[in-house]
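Student: Starting off with a structure, shown below.
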2 protein chains.
Amino acid sequence: MPVDAVIPFKPKNPKTRLSCVMDQEEREAFARAMLSDVIGAVCAGGCAPRLICTAPFAYPDAPVTVDPAGLNESLDRALASAGGPLLIIMADLPLADGAAIARMIATPADIAIMPGRGGGTNAIFVRDPSRYHVDYYGASFLKHAAIAADAGLSCEVVDSFRLHTDVDEKEDLVEVLIHGTGAARRYLESLGFALSIEKGRVGVERRTHKETF
Amino acid sequence: MPVDAVIPFKPKNPKTRLSCVMDQEEREAFARAMLSDVIGAVCAGGCAPRLICTAPFAYPDAPVTVDPAGLNESLDRALASAGGPLLIIMADLPLADGAAIARMIATPADIAIMPGRGGGTNAIFVRDPSRYHVDYYGASFLKHAAIAADAGLSCEVVDSFRLHTDVDEKEDLVEVLIHGTGAARRYLESLGFALSIEKGRVGVERRTHKETF
């Protein structure tokens with residue numbers, strides 16, 4: 001039996017910190033490309049994906065629940081109604097691969113947490129969802145570790161840069177262009193994004209611009 | 001036989017991008033604390049550390065070679081004179097642990113590369129050093145992968161956020177305060193660094209200041 005993997009997804013006006021280099025339509029397409037990479041990794045890692053979306057959205061190969069509530073509320077509902085182990089994973093991890101997902105759900109601990117950069121939480125695997133709840137935003141990694149400790153649950157911190165790398169800002173696109181192999185990288189390249197090196201630092205530039213950029 | 005691990009180290013005026021929050025003496029002490037964490041991880045992972053320093057420096061438990069040449073030149077010399085497999089690892093990886101090092105040197109490939117954030121290279125394991133050379137700076141991860149390909153060497157990209165997280169800038173200190181367990185974290189705390197959360201973003205603040213900050 002594959003492990004259920006819940007992926008929260010915001011189809012409308014996502015990734016606003018990329019507004020400096022992409023318009024809204026492009027950001028929505030880029031978010032869908034990243035989601036497609038995450039879904040591919042989740043399936044390759046032995047999980048069955050389903051989406052919780054803030055607005056109506058259709059995805060070919062995964063069931064979709066629309067829940068306009070906040071992230072914590074909708075994920076707590078998913079935990080409460082889960083019939084077995086649950087993976088919660090964010091949709092903005094375009095470097096994710098099946099090996100990292102498989103390592104996560106193979107944890108010997110009760111909980112496996114994948115920290116994001118800057119104190120966030122990119123994924124949580126919970127063996128017994130009835131004993132856990134989430135608390136996203138801010139230093140959520142520390143909160144999630146504390147929730148596990150308070151519930152007497154053992155916790156593994158997973159060690160993967162592929163799942164650690166969430167994409168929010170222009171600088172993060174460097175990682176997609178270097179390490180990505182899927183839809184998100186292809187979409188960036190189709191928009192004209194390429195690596196640039198200035199004074200020894202690696203960045204990205206957009207070589208073809210819409211009029212607005 | 002433990003694998004030799006070469007660690008380049010700059011004892012004088014290192015980590016200048018941290019000058020906004022630490023004076024030179026503090027940056028030198030912080031660099032030594034990070035080095036100590038890396039050496040601990042390298043030993044725990046089954047390697048024997050030795051240092052290549054740009055200036056005279058004494059370290060209690062590791063042999064030191066002083067080589068004022070550039071990074072590439074001194075590492076190529078180390079590769080050329082190696083008598084067996086060699087790990088090259090940077091000194092600014094305070095989240096490194098033995099498990100990640102052990103995974104690296106257990107690669108089934110000829111080469112294992114640990115990319116740093118932003119296209120850099122944080123560690124390279126080379127099974128046959130006579131067939132490899134390095135090319136640091138800029139997008140060195142891509143260059144190192146290309147050098148392996150050109151030499152007909154198979155290459156694994158290691159998946160570890162602990163080895164991916166190199167510490168160069170103030171924002172990187174967040175990771176040390178959240179995930180560090182060793183000397184670097186203790187040193188930051190002794191200087192008064194603590195996490196701060198503003199508008200949902202996690203940063204660091206220095207609660208006790210020298211007059212210069």
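FYI, nothing fancy with the structure tokens labels: chains A, B, ... in order, residues from 1 per chain, ligands from 1 as they appear.
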For chain B, which residues have at least one atom within 9 Å of chain A, if we go by only C-alpha atoms? Write them as a ChimeraX atom specification, please.

Tutor: /B:100,117-120,137-139,141-142,158-165,171-172,174-175,178-179,197-203

Student: Give the strand (DSSP E) residues of range 75-140 of chain A, as DSSP finds them on the backbone, and put them as a list of chain:residue names.

Tutor: A:Leu86, A:Leu87, A:Ile88, A:Ile89, A:Ile111, A:Ala112, A:Ile113, A:Met114, A:Pro115, A:Thr121, A:Asn122, A:Ala123, A:Ile124, A:Phe125, A:Val126

Student: Any chance you can output those residues with all heavy atoms as a short mmCIF file (atom, residue, chain, number, x, y, z; two decimals), in the first residue's frame?

Tutor:
data_model
loop_
_atom_site.label_atom_id
_atom_site.label_comp_id
_atom_site.auth_asym_id
_atom_site.auth_seq_id
_atom_site.Cartn_x
_atom_site.Cartn_y
_atom_site.Cartn_z
N LEU A 86 1.00 9.24 7.08
CA LEU A 86 0.75 10.35 6.15
C LEU A 86 2.04 11.14 5.93
O LEU A 86 2.76 11.45 6.87
CB LEU A 86 -0.33 11.27 6.73
CG LEU A 86 -0.95 12.28 5.76
CD1 LEU A 86 -1.85 11.57 4.75
CD2 LEU A 86 -1.77 13.33 6.54
N LEU A 87 2.28 11.46 4.67
CA LEU A 87 3.35 12.39 4.32
C LEU A 87 2.70 13.71 3.93
O LEU A 87 1.76 13.74 3.13
CB LEU A 87 4.16 11.85 3.13
CG LEU A 87 5.27 12.76 2.60
CD1 LEU A 87 6.42 12.87 3.60
CD2 LEU A 87 5.80 12.25 1.25
N ILE A 88 3.18 14.79 4.53
CA ILE A 88 2.77 16.13 4.12
C ILE A 88 3.97 16.75 3.43
O ILE A 88 5.07 16.78 4.00
CB ILE A 88 2.38 16.99 5.35
CG1 ILE A 88 1.16 16.39 6.04
CG2 ILE A 88 2.13 18.43 4.94
CD1 ILE A 88 0.89 16.99 7.43
N ILE A 89 3.78 17.22 2.24
CA ILE A 89 4.94 17.77 1.51
C ILE A 89 4.53 19.00 0.72
O ILE A 89 3.45 19.04 0.12
CB ILE A 89 5.61 16.69 0.62
CG1 ILE A 89 6.85 17.25 -0.10
CG2 ILE A 89 4.64 16.07 -0.37
CD1 ILE A 89 7.74 16.18 -0.72
N ILE A 111 8.18 10.13 13.63
CA ILE A 111 8.00 11.31 12.78
C ILE A 111 9.32 11.55 12.04
O ILE A 111 10.38 11.38 12.63
CB ILE A 111 7.78 12.57 13.66
CG1 ILE A 111 6.60 12.40 14.62
CG2 ILE A 111 7.66 13.83 12.83
CD1 ILE A 111 5.32 12.89 14.08
N ALA A 112 9.24 11.95 10.79
CA ALA A 112 10.43 12.44 10.08
C ALA A 112 10.13 13.86 9.61
O ALA A 112 9.07 14.10 9.02
CB ALA A 112 10.77 11.55 8.90
N ILE A 113 11.03 14.78 9.92
CA ILE A 113 10.82 16.17 9.49
C ILE A 113 11.93 16.57 8.53
O ILE A 113 13.10 16.31 8.77
CB ILE A 113 10.86 17.15 10.69
CG1 ILE A 113 9.83 16.75 11.76
CG2 ILE A 113 10.57 18.58 10.22
CD1 ILE A 113 9.75 17.73 12.91
N MET A 114 11.53 17.19 7.46
CA MET A 114 12.49 17.75 6.51
C MET A 114 12.46 19.26 6.65
O MET A 114 11.51 19.91 6.23
CB MET A 114 12.07 17.35 5.09
CG MET A 114 13.03 17.83 4.03
SD MET A 114 14.66 17.04 4.16
CE MET A 114 15.75 18.46 4.35
N PRO A 115 13.49 19.84 7.29
CA PRO A 115 13.50 21.29 7.45
C PRO A 115 13.72 22.00 6.12
O PRO A 115 14.45 21.52 5.26
CB PRO A 115 14.68 21.54 8.39
CG PRO A 115 15.54 20.33 8.31
CD PRO A 115 14.66 19.19 7.90
N THR A 121 9.46 24.25 7.34
CA THR A 121 9.27 22.80 7.27
C THR A 121 8.83 22.45 5.86
O THR A 121 7.78 22.91 5.41
CB THR A 121 8.16 22.35 8.25
OG1 THR A 121 8.47 22.84 9.55
CG2 THR A 121 8.05 20.83 8.29
N ASN A 122 9.59 21.64 5.17
CA ASN A 122 9.23 21.30 3.79
C ASN A 122 8.45 20.01 3.67
O ASN A 122 7.71 19.82 2.71
CB ASN A 122 10.49 21.22 2.92
CG ASN A 122 11.06 22.59 2.62
OD1 ASN A 122 10.44 23.60 2.96
ND2 ASN A 122 12.22 22.64 2.02
N ALA A 123 8.63 19.11 4.61
CA ALA A 123 7.87 17.86 4.59
C ALA A 123 7.86 17.25 5.99
O ALA A 123 8.80 17.45 6.77
CB ALA A 123 8.47 16.87 3.58
N ILE A 124 6.77 16.55 6.28
CA ILE A 124 6.67 15.80 7.54
C ILE A 124 6.06 14.46 7.24
O ILE A 124 5.03 14.38 6.55
CB ILE A 124 5.73 16.50 8.57
CG1 ILE A 124 6.09 17.97 8.75
CG2 ILE A 124 5.78 15.78 9.91
CD1 ILE A 124 5.14 18.67 9.74
N PHE A 125 6.67 13.41 7.74
CA PHE A 125 6.07 12.09 7.66
C PHE A 125 5.62 11.69 9.06
O PHE A 125 6.40 11.76 10.02
CB PHE A 125 7.07 11.06 7.13
CG PHE A 125 6.57 9.65 7.20
CD1 PHE A 125 5.53 9.23 6.38
CD2 PHE A 125 7.12 8.75 8.10
CE1 PHE A 125 5.05 7.93 6.45
CE2 PHE A 125 6.64 7.45 8.18
CZ PHE A 125 5.60 7.05 7.35
N VAL A 126 4.37 11.30 9.18
CA VAL A 126 3.79 10.97 10.48
C VAL A 126 3.24 9.55 10.43
O VAL A 126 2.36 9.25 9.62
CB VAL A 126 2.64 11.94 10.85
CG1 VAL A 126 2.17 11.69 12.28
CG2 VAL A 126 3.07 13.38 10.67
#

Student: Expressed in Å to a single decimal, how great is the separation between CA of Lys10 in chain B and CA of Ala91 in chain B?

Tutor: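 It comes out at 8.8 Å.
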
Student: What is the CA of Pro8 in chain B-CA of Asp150 in chain B distance in Å, reported with one decimal?

Tutor: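 That distance, rounded to one decimal, is 25.3 Å.
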
Student: Determine, counting only C-alpha atoms, which protein, DNA and RNA residues have an atom within 8 Å of an atom of Val167 in chain B; residues of the same chain fewer than 6 positions away are not included. Present the result as a list in words.

Tutor: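 Counting only C-alpha atoms, the residues come to Asp92, Leu93, Pro94 and Leu173 of chain B.
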
Student: I want to know what sits within 7 Å of range 34-50 of chain B, based on only C-alpha atoms, with residues of the same chain fewer than 5 positions away left out; could you give that as a PDB file with C-alpha atoms, in the first residue's frame?

Tutor:
ATOM      1  CA  PRO B   2      40.530   5.724   7.218  1.00  0.00           C
ATOM      2  CA  VAL B   3      40.170   7.821   4.063  1.00  0.00           C
ATOM      3  CA  ASP B   4      42.358  10.929   3.997  1.00  0.00           C
ATOM      4  CA  ALA B   5      40.276  14.103   4.239  1.00  0.00           C
ATOM      5  CA  VAL B   6      41.879  17.349   3.157  1.00  0.00           C
ATOM      6  CA  ILE B   7      40.382  20.523   4.622  1.00  0.00           C
ATOM      7  CA  ALA B  62      45.331  17.077  12.662  1.00  0.00           C
ATOM      8  CA  PRO B  63      48.518  17.535  10.639  1.00  0.00           C
ATOM      9  CA  VAL B  64      48.838  20.934   9.000  1.00  0.00           C
ATOM     10  CA  ALA B  91      35.905  24.130   6.572  1.00  0.00           C
ATOM     11  CA  ASP B  92      32.669  26.168   6.715  1.00  0.00           C
ATOM     12  CA  LEU B  93      30.138  23.341   7.046  1.00  0.00           C
ATOM     13  CA  PRO B  94      29.193  23.415  10.736  1.00  0.00           C
ATOM     14  CA  ALA B  96      28.245  18.314   8.857  1.00  0.00           C
ATOM     15  CA  ASP B  97      27.833  14.991  10.614  1.00  0.00           C
ATOM     16  CA  GLY B  98      29.459  11.585  10.426  1.00  0.00           C
ATOM     17  CA  ALA B  99      26.473   9.980   8.718  1.00  0.00           C
ATOM     18  CA  ILE B 101      30.410  11.924   5.439  1.00  0.00           C
ATOM     19  CA  ALA B 102      30.025   8.143   5.611  1.00  0.00           C
ATOM     20  CA  GLY B 182      28.604  21.762  18.034  1.00  0.00           C
ATOM     21  CA  ALA B 183      31.278  24.384  18.552  1.00  0.00           C
ATOM     22  CA  ALA B 184      30.039  26.851  15.915  1.00  0.00           C
TER      23      ALA B 184
END

Student: Quote the spacing between CA of His133 in chain B and CA of Asp76 in chain B in Å to one decimal place.

Tutor: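 Atom-to-atom, CA of His133 in chain B and CA of Asp76 in chain B are spaced 5.7 Å apart.
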
Student: Using only C-alpha atoms, which residues sit within 8 Å of Asn13 in chain B once same-chain residues fewer than 5 positions away are excluded, as JSON, numbers by chain?

Tutor: {"B": [24, 25, 27, 28]}
